[in-house]
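Engineer: Compact mmCIF, C-alpha atoms and all ligand atoms, saved as work_6.txt, coming up:
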# COMPACT_ATOMS: atom_id res chain seq x y z
CA MET A 10 278.27 100.97 94.06
CA SER A 11 277.94 104.24 96.03
CA LEU A 12 279.63 107.09 94.15
CA ALA A 13 280.04 109.12 97.36
CA THR A 14 283.69 109.93 98.05
CA VAL A 15 284.17 112.23 101.02
CA MET A 16 282.61 115.11 102.99
CA VAL A 17 283.97 118.62 102.36
CA CYS A 18 283.52 121.74 104.51
CA ASP A 19 281.58 124.60 102.88
CA ASP A 20 283.85 127.16 104.53
CA CYS A 21 287.43 125.83 104.64
CA ALA A 22 287.32 122.88 102.19
CA HIS A 23 288.63 120.50 104.86
CA GLU A 24 287.90 116.88 103.89
CA VAL A 25 286.34 114.35 106.28
CA SER A 26 286.05 110.61 105.64
CA LEU A 27 282.62 109.12 105.17
CA SER A 28 283.48 106.44 107.70
CA THR A 29 283.36 108.88 110.61
CA LEU A 30 280.25 109.95 112.48
CA VAL A 31 280.79 113.68 112.51
CA ASN A 32 278.48 116.70 112.41
CA LEU A 33 280.24 119.97 111.66
CA CYS A 34 283.74 120.50 110.25
CA PRO A 35 286.21 119.48 112.99
CA ARG A 36 288.58 122.23 111.86
CA CYS A 37 286.35 125.32 111.60
CA GLY A 38 282.81 124.34 112.59
CA GLY A 39 281.50 124.80 109.04
CA LEU A 40 278.80 122.75 107.34
CA LEU A 41 279.92 119.54 105.64
CA GLU A 42 278.69 118.37 102.25
CA VAL A 43 278.99 114.90 100.73
CA GLN A 44 280.82 114.77 97.37
CA TYR A 45 280.34 112.23 94.57
CA ASP A 46 282.40 110.97 91.67
CA LEU A 47 279.63 111.31 89.09
CA GLN A 48 282.13 110.70 86.28
CA ALA A 49 282.27 107.11 87.48
CA ALA A 50 278.49 106.63 87.23
CA PRO A 51 277.70 103.36 85.45
CA ALA A 52 276.03 103.64 82.05
CA GLY A 53 272.33 102.90 82.36
CA LEU A 54 272.08 104.10 86.00
CA ALA A 55 268.61 105.52 85.35
CA GLN A 56 267.46 102.39 83.55
CA ARG A 57 268.65 100.22 86.45
CA ALA A 58 266.86 102.49 88.90
CA ARG A 59 263.67 102.09 86.88
CA GLU A 60 263.96 98.31 87.08
CA ARG A 61 264.34 98.49 90.86
CA ARG A 62 260.84 99.87 91.49
CA GLY A 63 259.72 98.60 94.85
CA GLU A 64 262.96 99.57 96.57
CA GLY A 65 261.69 103.15 96.91
CA MET A 66 264.36 105.64 97.75
CA TRP A 67 267.05 102.96 97.66
CA ARG A 68 266.75 102.59 93.89
CA TRP A 69 269.14 105.56 93.79
CA ARG A 70 271.72 104.11 96.11
CA GLU A 71 274.66 104.91 93.82
CA LEU A 72 273.89 108.58 94.46
CA LEU A 73 273.60 108.28 98.26
CA PRO A 74 276.41 108.16 100.84
CA LEU A 75 275.47 104.81 102.43
CA PRO A 76 278.41 102.34 102.28
CA ASP A 77 277.82 99.35 100.00
CA ASP A 78 277.94 96.81 102.83
CA ALA A 79 275.30 98.63 104.89
CA THR A 80 271.68 97.49 104.99
CA PRO A 81 269.18 100.36 104.69
CA VAL A 82 266.82 100.87 107.62
CA SER A 83 263.62 101.08 105.66
CA LEU A 84 259.93 101.63 106.35
CA GLY A 85 258.96 101.82 102.67
CA GLU A 86 259.95 105.43 101.97
CA GLY A 87 260.11 107.10 98.56
CA ASP A 88 258.31 106.84 95.23
CA THR A 89 255.42 109.00 96.40
CA PRO A 90 252.87 110.02 93.75
CA LEU A 91 253.37 112.99 91.45
CA LEU A 92 249.74 113.90 90.95
CA ALA A 93 248.56 115.85 87.94
CA THR A 94 245.80 118.17 89.18
CA PRO A 95 244.14 119.69 86.10
CA ASP A 96 241.10 121.00 88.04
CA LEU A 97 243.22 122.78 90.58
CA GLY A 98 245.53 123.99 87.83
CA ARG A 99 242.58 125.46 85.92
CA ARG A 100 241.47 127.35 89.02
CA LEU A 101 244.95 128.82 89.37
CA GLY A 102 245.43 129.49 85.67
CA LEU A 103 248.14 126.86 85.31
CA GLU A 104 247.99 124.38 82.46
CA ARG A 105 250.23 121.84 84.15
CA LEU A 106 250.30 121.68 87.93
CA LEU A 107 251.60 118.60 89.74
CA LEU A 108 251.64 117.85 93.46
CA LYS A 109 254.44 115.65 94.80
CA ASN A 110 252.62 114.11 97.72
CA ASP A 111 255.14 113.28 100.44
CA GLY A 112 252.28 113.21 102.93
CA LEU A 113 252.19 109.53 101.97
CA MET A 114 255.57 108.79 103.51
CA PRO A 115 255.69 106.19 106.35
CA THR A 116 255.32 108.71 109.19
CA GLY A 117 253.30 111.22 107.15
CA SER A 118 255.99 113.75 106.26
CA PHE A 119 258.90 114.20 103.88
CA LYS A 120 261.28 114.02 106.86
CA ASP A 121 261.33 110.25 106.33
CA ARG A 122 263.68 110.54 103.36
CA GLY A 123 266.30 112.23 105.51
CA PHE A 124 265.97 109.99 108.54
CA ALA A 125 265.88 106.76 106.53
CA LEU A 126 269.31 107.70 105.21
CA ALA A 127 270.80 109.34 108.30
CA VAL A 128 269.70 106.55 110.66
CA SER A 129 270.92 103.85 108.23
CA PHE A 130 274.26 105.61 108.01
CA ALA A 131 274.62 106.04 111.77
CA GLN A 132 273.56 102.46 112.50
CA HIS A 133 276.15 101.14 110.06
CA LEU A 134 278.85 103.17 111.81
CA GLY A 135 277.85 101.74 115.18
CA ALA A 136 275.64 104.43 116.74
CA THR A 137 273.47 103.09 119.57
CA SER A 138 271.79 106.35 120.59
CA GLY A 139 271.04 109.74 119.16
CA PHE A 140 269.00 112.88 119.52
CA THR A 141 267.24 115.49 117.47
CA TYR A 142 265.15 118.52 118.15
CA SER A 143 261.92 119.14 116.36
CA SER A 144 258.59 120.89 116.05
CA GLY A 145 257.08 117.43 115.64
CA ASN A 146 257.49 115.87 112.20
CA ALA A 147 261.23 115.36 112.39
CA GLY A 148 260.83 113.86 115.86
CA ALA A 149 258.23 111.32 114.72
CA SER A 150 260.31 110.31 111.73
CA PHE A 151 263.51 110.05 113.77
CA ALA A 152 261.73 108.01 116.46
CA ALA A 153 260.29 105.56 113.93
CA TYR A 154 263.58 104.94 112.11
CA CYS A 155 265.52 104.64 115.38
CA ARG A 156 262.97 102.10 116.62
CA ARG A 157 263.48 100.12 113.44
CA ALA A 158 267.26 100.37 113.79
CA GLY A 159 267.41 99.56 117.51
CA ILE A 160 268.85 102.96 118.33
CA ASP A 161 267.79 104.78 121.51
CA ALA A 162 266.17 108.06 120.48
CA THR A 163 265.79 111.26 122.48
CA VAL A 164 263.68 114.03 120.98
CA PHE A 165 263.69 117.59 122.29
CA VAL A 166 260.47 119.17 121.05
CA GLU A 167 259.62 122.80 120.48
CA ASP A 168 256.82 124.30 122.50
CA ALA A 169 254.88 124.67 119.24
CA ALA A 170 254.79 120.88 118.75
CA ASN A 171 251.13 119.91 118.97
CA GLU A 172 249.91 117.02 121.15
CA THR A 173 249.24 114.76 118.15
CA LYS A 174 252.79 115.09 116.91
CA VAL A 175 254.23 114.54 120.38
CA ALA A 176 252.05 111.46 120.83
CA ALA A 177 253.35 110.00 117.58
CA ILE A 178 256.91 110.38 118.81
CA THR A 179 256.26 108.64 122.12
CA LEU A 180 254.25 105.96 120.30
CA TYR A 181 257.41 104.99 118.42
CA GLY A 182 259.14 104.55 121.76
CA ALA A 183 261.34 107.62 121.88
CA GLU A 184 262.01 109.72 124.95
CA VAL A 185 260.44 113.15 124.51
CA LEU A 186 261.27 116.31 126.39
CA ARG A 187 259.79 119.76 125.87
CA LEU A 188 262.46 122.32 125.22
CA GLU A 189 262.79 125.44 127.35
CA TYR A 190 264.75 128.37 125.95
CA ASP A 191 264.74 132.15 125.66
CA THR A 192 266.18 132.68 122.18
CA SER A 193 266.95 130.29 119.34
CA ALA A 194 270.62 131.25 119.69
CA GLN A 195 270.65 129.21 122.90
CA ILE A 196 269.74 126.09 120.91
CA PHE A 197 272.65 126.59 118.53
CA GLU A 198 275.09 127.11 121.37
CA THR A 199 273.87 123.88 122.92
CA LEU A 200 274.25 122.03 119.62
CA ASP A 201 277.76 123.40 119.12
CA GLU A 202 278.80 122.34 122.60
CA LEU A 203 277.45 118.80 122.13
CA ALA A 204 279.16 118.54 118.73
CA ARG A 205 282.48 119.64 120.24
CA GLU A 206 282.11 116.94 122.88
CA GLY A 207 281.61 114.32 120.17
CA TYR A 208 277.86 113.67 120.39
CA TYR A 209 276.40 112.64 117.05
CA SER A 210 273.40 114.81 116.29
CA PHE A 211 270.55 114.19 113.89
CA VAL A 212 269.51 117.85 113.99
CA ASN A 213 269.02 119.33 110.50
CA PHE A 214 271.26 122.31 111.21
CA VAL A 215 274.36 120.17 111.60
CA ASN A 216 273.76 116.65 110.27
CA PRO A 217 275.42 116.34 106.85
CA ILE A 218 273.63 113.13 105.80
CA ARG A 219 269.94 114.08 106.18
CA HIS A 220 269.98 116.67 103.39
CA GLU A 221 271.45 114.20 100.92
CA ALA A 222 268.26 112.15 100.94
CA MET A 223 266.21 115.13 99.75
CA LYS A 224 267.96 114.80 96.40
CA VAL A 225 265.83 111.77 95.75
CA TYR A 226 262.63 113.61 94.98
CA ALA A 227 264.43 115.49 92.25
CA TYR A 228 265.25 112.07 90.78
CA GLU A 229 261.72 110.76 91.31
CA ILE A 230 260.05 113.86 89.81
CA CYS A 231 262.17 113.83 86.65
CA GLU A 232 261.70 110.11 86.21
CA GLN A 233 257.94 110.46 86.78
CA LEU A 234 257.92 113.15 84.05
CA ASP A 235 259.84 110.81 81.73
CA TRP A 236 263.01 112.89 82.16
CA GLU A 237 261.32 116.13 81.38
CA VAL A 238 262.30 118.94 83.80
CA PRO A 239 259.64 121.03 85.56
CA ASP A 240 259.96 124.75 84.94
CA VAL A 241 259.31 125.58 88.56
CA MET A 242 259.64 123.67 91.82
CA VAL A 243 257.80 125.15 94.79
CA HIS A 244 258.96 124.02 98.23
CA PRO A 245 258.17 125.02 101.83
CA VAL A 246 261.27 126.23 103.66
CA GLY A 247 262.03 125.89 107.36
CA THR A 248 265.71 125.23 107.98
CA GLY A 249 266.23 124.89 104.22
CA GLY A 250 267.50 121.30 104.09
CA GLY A 251 264.69 120.08 101.86
CA ILE A 252 264.82 122.65 99.09
CA TRP A 253 268.60 122.66 99.07
CA GLY A 254 268.74 118.87 98.77
CA ALA A 255 266.27 118.91 95.89
CA TRP A 256 268.38 121.56 94.14
CA LYS A 257 271.46 119.40 94.53
CA GLY A 258 269.56 116.47 93.04
CA PHE A 259 268.53 118.39 89.92
CA ASN A 260 272.11 119.55 89.41
CA GLU A 261 273.43 116.01 89.70
CA LEU A 262 270.94 114.80 87.11
CA ARG A 263 272.17 117.53 84.78
CA GLU A 264 275.79 116.54 85.41
CA LEU A 265 274.85 112.92 84.68
CA GLY A 266 273.37 114.03 81.35
CA LEU A 267 269.87 112.82 82.27
CA ILE A 268 268.35 116.32 82.07
CA ASP A 269 269.58 119.44 80.27
CA ARG A 270 268.35 122.24 82.54
CA VAL A 271 267.15 122.78 86.12
CA PRO A 272 263.90 124.24 87.51
CA ARG A 273 263.47 127.67 89.03
CA MET A 274 263.42 126.97 92.77
CA VAL A 275 260.76 128.82 94.76
CA GLY A 276 261.14 128.70 98.56
CA VAL A 277 258.05 129.53 100.60
CA GLN A 278 257.77 130.63 104.22
CA ALA A 279 255.04 132.08 106.41
CA ALA A 280 255.22 135.87 106.00
CA VAL A 281 255.24 136.45 109.77
CA CYS A 282 258.38 134.33 110.14
CA ALA A 283 260.38 134.56 106.93
CA PRO A 284 264.14 135.02 107.35
CA LEU A 285 264.73 133.69 103.83
CA VAL A 286 262.35 136.17 102.23
CA ASP A 287 263.91 138.98 104.25
CA ALA A 288 267.42 138.10 103.02
CA PHE A 289 266.30 137.51 99.44
CA ASP A 290 264.40 140.78 99.20
CA ASN A 291 267.27 142.73 100.74
CA GLY A 292 269.94 141.19 98.52
CA ARG A 293 271.87 139.56 101.37
CA ASP A 294 273.80 136.28 100.99
CA HIS A 295 272.75 135.11 104.46
CA THR A 296 269.75 135.23 106.76
CA ILE A 297 269.56 136.97 110.09
CA PRO A 298 267.21 135.73 112.83
CA THR A 299 263.92 137.46 112.25
CA GLY A 300 260.18 136.91 112.59
CA ASP A 301 257.85 135.44 115.17
CA ALA A 302 257.68 131.65 115.05
CA GLY A 303 254.68 131.65 117.37
CA ALA A 304 252.58 133.80 115.03
CA THR A 305 251.93 131.27 112.25
CA MET A 306 249.94 128.06 112.01
CA ALA A 307 252.71 126.73 109.74
CA GLN A 308 254.45 125.19 112.75
CA SER A 309 256.80 122.93 110.82
CA ILE A 310 258.47 125.80 108.96
CA ALA A 311 258.30 128.37 111.75
CA GLY A 312 261.86 129.25 112.74
CA ASP A 313 263.81 132.47 112.72
CA THR A 314 267.10 130.74 111.85
CA MET A 315 268.20 128.62 108.89
CA ILE A 316 270.94 126.10 108.21
CA HIS A 317 274.29 127.88 107.87
CA ASP A 318 272.37 131.16 107.92
CA GLY A 319 270.52 130.27 104.75
CA ARG A 320 273.61 130.60 102.53
CA ARG A 321 273.08 127.42 100.56
CA VAL A 322 269.40 128.07 99.96
CA LEU A 323 269.91 131.69 98.90
CA ARG A 324 272.55 130.53 96.42
CA ALA A 325 270.25 127.82 95.09
CA ILE A 326 267.22 130.02 94.51
CA ARG A 327 269.30 132.82 92.96
CA ASP A 328 271.35 130.49 90.71
CA SER A 329 268.13 128.85 89.56
CA GLY A 330 266.35 132.12 88.74
CA GLY A 331 263.81 131.39 91.46
CA ARG A 332 262.61 133.39 94.43
CA ALA A 333 261.59 133.43 98.08
CA VAL A 334 257.94 134.05 98.89
CA GLY A 335 256.22 134.84 102.19
CA VAL A 336 252.54 133.89 102.39
CA THR A 337 250.01 135.28 104.87
CA GLU A 338 247.97 133.17 107.28
CA ASP A 339 244.88 133.69 105.09
CA GLU A 340 246.80 132.53 102.04
CA ILE A 341 247.99 129.44 103.93
CA ALA A 342 244.38 128.55 104.82
CA GLU A 343 243.43 129.11 101.16
CA GLY A 344 246.34 126.85 100.18
CA MET A 345 244.94 124.07 102.39
CA LEU A 346 241.51 124.44 100.79
CA LEU A 347 242.98 124.44 97.28
CA ALA A 348 245.15 121.38 98.00
CA GLY A 349 241.97 119.68 99.20
CA LEU A 350 240.39 120.40 95.83
CA GLY A 351 243.42 118.67 94.33
CA ALA A 352 242.40 115.70 96.54
CA VAL A 353 245.42 116.17 98.77
CA ALA A 354 245.26 116.96 102.49
CA ALA A 355 248.18 119.18 103.43
CA GLU A 356 249.17 120.48 106.86
CA PRO A 357 249.64 124.27 106.88
CA SER A 358 253.42 124.09 106.39
CA ALA A 359 252.90 121.91 103.33
CA ALA A 360 250.03 123.99 101.95
CA VAL A 361 252.29 127.04 101.62
CA SER A 362 253.58 125.55 98.38
CA VAL A 363 250.04 125.73 96.98
CA ALA A 364 249.37 129.15 98.56
CA ALA A 365 252.43 130.54 96.76
CA LEU A 366 250.90 129.63 93.40
CA LEU A 367 248.15 132.19 93.89
CA ARG A 368 250.82 134.79 94.46
CA GLY A 369 252.85 133.61 91.48
CA ARG A 370 249.93 134.08 89.10
CA GLU A 371 249.02 137.44 90.63
CA GLU A 372 252.58 138.78 90.53
CA GLY A 373 253.33 137.28 87.15
CA TRP A 374 256.31 135.08 87.98
CA LEU A 375 254.32 131.97 87.06
CA GLU A 376 253.26 131.70 83.42
CA PRO A 377 250.16 129.72 82.42
CA ASP A 378 252.28 127.23 80.45
CA ASP A 379 254.90 126.65 83.17
CA THR A 380 255.11 123.04 84.36
CA VAL A 381 254.95 123.52 88.12
CA VAL A 382 255.66 120.95 90.83
CA SER A 383 254.56 121.85 94.36
CA VAL A 384 255.90 119.61 97.09
CA ILE A 385 253.36 118.60 99.73
CA THR A 386 255.67 117.94 102.64
CA ALA A 387 253.18 116.48 105.15
CA THR A 388 249.61 115.34 105.55
CA ALA A 389 246.96 117.53 107.19
CA LEU A 390 246.35 114.75 109.73
CA LYS A 391 249.55 115.88 111.43
CA GLN A 392 247.85 119.02 112.62
CA PRO A 393 244.21 118.20 113.38
CA GLY A 394 243.50 121.57 114.99
CA ALA A 395 244.41 123.49 111.84
CA LEU A 396 242.54 121.02 109.64
CA GLN A 397 239.37 121.50 111.67
CA ALA A 398 239.78 125.26 111.73
CA VAL A 399 240.19 125.57 107.97
CA ALA A 400 237.93 122.89 106.46
CA PRO A 401 234.32 123.87 105.67
CA ARG A 402 231.71 122.97 108.27
CA PRO A 403 229.35 120.03 107.62
CA SER A 404 225.97 121.04 106.13
CA GLY A 405 223.85 120.04 109.11
CA VAL A 406 221.76 117.16 110.41
CA VAL A 407 219.53 114.85 108.39
CA ALA A 408 217.19 112.01 109.36
CA ALA A 409 218.11 108.52 108.17
CA THR A 410 215.16 108.19 105.78
CA ALA A 411 215.39 107.61 102.04
CA GLN A 412 213.21 110.65 101.36
CA ALA A 413 215.35 112.97 103.42
CA TRP A 414 218.49 111.69 101.76
CA LYS A 415 216.96 111.92 98.28
CA ASP A 416 216.17 115.58 98.90
CA THR A 417 219.86 116.13 99.53
CA ILE A 418 221.75 113.98 97.04
CA ARG A 419 222.29 115.48 93.61
CA ARG A 420 221.12 113.28 90.74
CA GLU A 421 222.87 114.90 87.81
CA THR A 422 224.28 111.64 86.49
CA ALA A 423 220.85 109.98 86.42
CA HIS A 424 219.45 112.85 84.33
CA SER A 425 222.32 113.32 81.94
C1 LIG A 501 260.38 120.11 108.27
C2 LIG A 501 259.29 120.52 107.39
C3 LIG A 501 259.47 121.50 106.40
C4 LIG A 501 260.74 122.28 106.26
O1 LIG A 501 261.85 121.54 105.85
P1 LIG A 501 263.31 122.12 105.98
O2 LIG A 501 264.18 121.07 105.42
O3 LIG A 501 263.57 122.39 107.43
O4 LIG A 501 263.36 123.40 105.19
C5 LIG A 501 258.44 121.77 105.54
N1 LIG A 501 257.24 121.15 105.67
C6 LIG A 501 257.03 120.23 106.61
C7 LIG A 501 255.68 119.61 106.71
C8 LIG A 501 258.02 119.87 107.50
O5 LIG A 501 257.81 118.94 108.44
ZN ZN A 502 285.87 123.84 107.86
Turn the structure described in the file into structure tokens.
Ligand SMILES: *Cc1c(COP(=O)(O)O)cnc(C)c1O
Ligand SMILES: [Zn+2]

Structural biologist:
Amino acid sequence: MSLATVMVCDDCAHEVSLSTLVNLCPRCGGLLEVQYDLQAAPAGLAQRARERRGEGMWRWRELLPLPDDATPVSLGEGDTPLLATPDLGRRLGLERLLLKNDGLMPTGSFKDRGFALAVSFAQHLGATSGFTYSSGNAGASFAAYCRRAGIDATVFVEDAANETKVAAITLYGAEVLRLEYDTSAQIFETLDELAREGYYSFVNFVNPIRHEAMKVYAYEICEQLDWEVPDVMVHPVGTGGGIWGAWKGFNELRELGLIDRVPRMVGVQAAVCAPLVDAFDNGRDHTIPTGDAGATMAQSIAGDTMIHDGRRVLRAIRDSGGRAVGVTEDEIAEGMLLAGLGAVAAEPSAAVSVAALLRGREEGWLEPDDTVVSVITATALKQPGALQAVAPRPSGVVAATAQAWKDTIRRETAHS
């Protein structure tokens, strides 16, 4: 059933069996990527997936690296709505704007796709404990799936992780520790050392399975559009696992003959902490640590370092004819307000993919007739402080009398 064959190192092409729990390449420390034999895809794969509605992400199991005899650890992830938002589109001068609302995932963020797969995979191969580090959303997702799988979870959280996010992680029964460090380089040294000693890590920078699950929204989006391809996909970028996975998904669909082109991939970061934008604008093939993670309210994408120094993501956005965009704090707040007018509550890190649309229209890289999909990666309820700071204030106080209420409520419908 699964078409996955082996993992291959990005740097030295060393092959690693899918029946080993391994993070980085054991030969050179490079990033591993799962390969598939798409030639062997059964005819009617898409039709079968359509008939398996209700299985969520697992409808696409042929294209995921979970062994056939494994049972997915599931909390009902996948098949989130792709919402047409004509009102919001009109405001932005876009005829066809769609929001892929992953805020509706089981723990409220798109991280659930990755952890559903990575935890299922690890459980099948016998893992009984694991760890990740997180600014909050990854930790909550990891904790929930580990709880479901009976795996002991330890989560090292960034200082930036707000109390609500931390509480969600402990609620799911994980052990949580606040992380103390001077530079982000220290974290990567620690990860490398643990990997060398054989610890299996669920951290996005090294885990080769998590990214694979992000392919699935490429599948979902194209299916939801009846196999039409969006012109542009706008995605918030932290470590880069999400946008890169989506890019891989679109390319697989093209290889399978289900679509005939791929979208322009637009990666969005907070301008004050934007290593991807810095590398893109300066024509480099890799990112260098830059920016101030503490200076943005977009906590979930605030990091000065990316997976494999951003190489995969830079390749993806350049090959696709896309771009990297840095949005200001004011633009992020505006993005939250605009998403709200699309009836979607987005935390700041998710709202950047709406904020970037303003920029795209202004700078001319979005045309009015482009079909644009913006991914909403988490719900605003994840970050109550930012939600309260950005949302308009209530209008005031009113007595509970019919007359007072009548003076307030608009009666347009009754008159029209
Ligand atoms: C983790 C996260 C991101 C960034 O995803 P990466 O795969 O690290 O690029 C974006 N938005 C939200 C809400 C997140 O939690
Ligand atoms: Zn290697």

Engineer: Within 12 Å of (265.3, 105.4, 119.9) in the file's own coordinates, which protein, DNA or RNA residues have an atom, counting all atoms listed in the file? List them as a PyMOL selection string.

Structural biologist: chain A and resi 128+132+136-141+148-164+178-185+211

Engineer: Between A:Glu343, A:Glu371, A:Met10, A:Val17, which residue has the minimum interatomic distance to ligand ZN 502 (chain A), considering only C-alpha atoms and all ligand atoms?

Structural biologist: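 Under the stated criterion, the closest residue is A:Val17.
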
Engineer: Please list as a ChimeraX atom specification every residue within 9 Å of A:Leu75, counting all atoms listed in the file and excluding residues in the same chain fewer than 5 positions away.

Structural biologist: /A:11,13,27,70,80-81,126-127,129-130,133

Engineer: Produce as a count of residues only the set of residues near ligand LIG 501 (chain A), where near means within 6 Å with only C-alpha atoms and all ligand atoms considered.

Structural biologist: 15

Engineer: Can you pull out the residues contacting stretch 39-51 of chain A? Cut-off 9 Å, using all atoms listed in the file, and skip same-chain residues under 2 positions away; I want them as a VMD selection string.

Structural biologist: chain A and resid 10 to 25 27 32 to 37 53 to 54 71 to 74 214 to 218 220 to 221 261 264 to 265 316 to 317

Engineer: Identify, on the basis of all atoms listed in the file, every residue whose closest approach to A:Arg68 does not exceed 10 Å; exclude the query and any residue fewer than 2 positions from it along the same chain; express the result as a list in words.

Structural biologist: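 Neighbouring residues, sequence-local ones excluded: Leu54, Ala55, Arg57, Ala58, Arg59, Glu60, Arg61, Arg62, Gly63, Glu64, Gly65, Met66, Arg70, Glu71, Leu72, Leu73, Gly87, Asp88, Val225 and Glu229 of chain A.
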
Engineer: For A:Leu267, which residue among A:Glu338, A:Glu237, A:Asp378, A:Glu104 is the nearest when counting only C-alpha atoms?

Structural biologist: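 Among the listed residues, A:Glu237 lies closest to A:Leu267.
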
Engineer: Could I get stretch 290-305 of chain A from the block written as a compact mmCIF listing (two decimals), in the first residue's frame, with N, CA, C and O atoms?

Structural biologist:
# COMPACT_ATOMS: atom_id res chain seq x y z
N ASP A 290 16.43 37.70 -0.67
CA ASP A 290 16.73 39.02 -1.24
C ASP A 290 18.20 39.16 -1.64
O ASP A 290 18.54 39.91 -2.54
N ASN A 291 19.07 38.44 -0.92
CA ASN A 291 20.49 38.57 -1.21
C ASN A 291 21.02 37.47 -2.12
O ASN A 291 22.23 37.31 -2.28
N GLY A 292 20.11 36.68 -2.67
CA GLY A 292 20.50 35.68 -3.66
C GLY A 292 21.32 34.52 -3.11
O GLY A 292 22.02 33.84 -3.85
N ARG A 293 21.24 34.28 -1.80
CA ARG A 293 21.98 33.15 -1.23
C ARG A 293 21.17 31.86 -1.33
O ARG A 293 19.94 31.89 -1.41
N ASP A 294 21.87 30.70 -1.30
CA ASP A 294 21.16 29.42 -1.33
C ASP A 294 20.92 28.87 0.07
O ASP A 294 20.42 27.78 0.25
N HIS A 295 21.34 29.64 1.09
CA HIS A 295 21.12 29.19 2.47
C HIS A 295 20.91 30.40 3.38
O HIS A 295 21.32 31.52 3.04
N THR A 296 20.28 30.15 4.52
CA THR A 296 20.05 31.24 5.47
C THR A 296 21.20 31.31 6.47
O THR A 296 21.89 30.32 6.72
N ILE A 297 21.39 32.51 7.02
CA ILE A 297 22.31 32.63 8.14
C ILE A 297 21.51 33.18 9.32
O ILE A 297 20.55 33.92 9.11
N PRO A 298 21.85 32.76 10.55
CA PRO A 298 21.05 33.22 11.69
C PRO A 298 20.98 34.74 11.72
O PRO A 298 22.00 35.41 11.70
N THR A 299 19.77 35.25 11.72
CA THR A 299 19.61 36.69 11.73
C THR A 299 18.25 37.06 12.28
O THR A 299 17.32 36.25 12.24
N GLY A 300 18.13 38.27 12.83
CA GLY A 300 16.84 38.75 13.33
C GLY A 300 16.68 38.55 14.82
O GLY A 300 17.47 37.86 15.46
N ASP A 301 15.65 39.17 15.36
CA ASP A 301 15.39 39.15 16.79
C ASP A 301 14.05 38.47 17.06
O ASP A 301 12.99 39.07 16.88
N ALA A 302 14.14 37.21 17.50
CA ALA A 302 12.93 36.41 17.70
C ALA A 302 12.01 37.02 18.76
O ALA A 302 10.80 36.80 18.75
N GLY A 303 12.60 37.79 19.68
CA GLY A 303 11.80 38.36 20.75
C GLY A 303 11.03 39.61 20.33
O GLY A 303 10.22 40.13 21.09
N ALA A 304 11.27 40.08 19.11
CA ALA A 304 10.72 41.38 18.71
C ALA A 304 9.41 41.28 17.94
O ALA A 304 8.87 42.29 17.51
N THR A 305 8.87 40.08 17.76
CA THR A 305 7.62 39.94 17.01
C THR A 305 6.56 39.23 17.84
O THR A 305 6.88 38.41 18.69
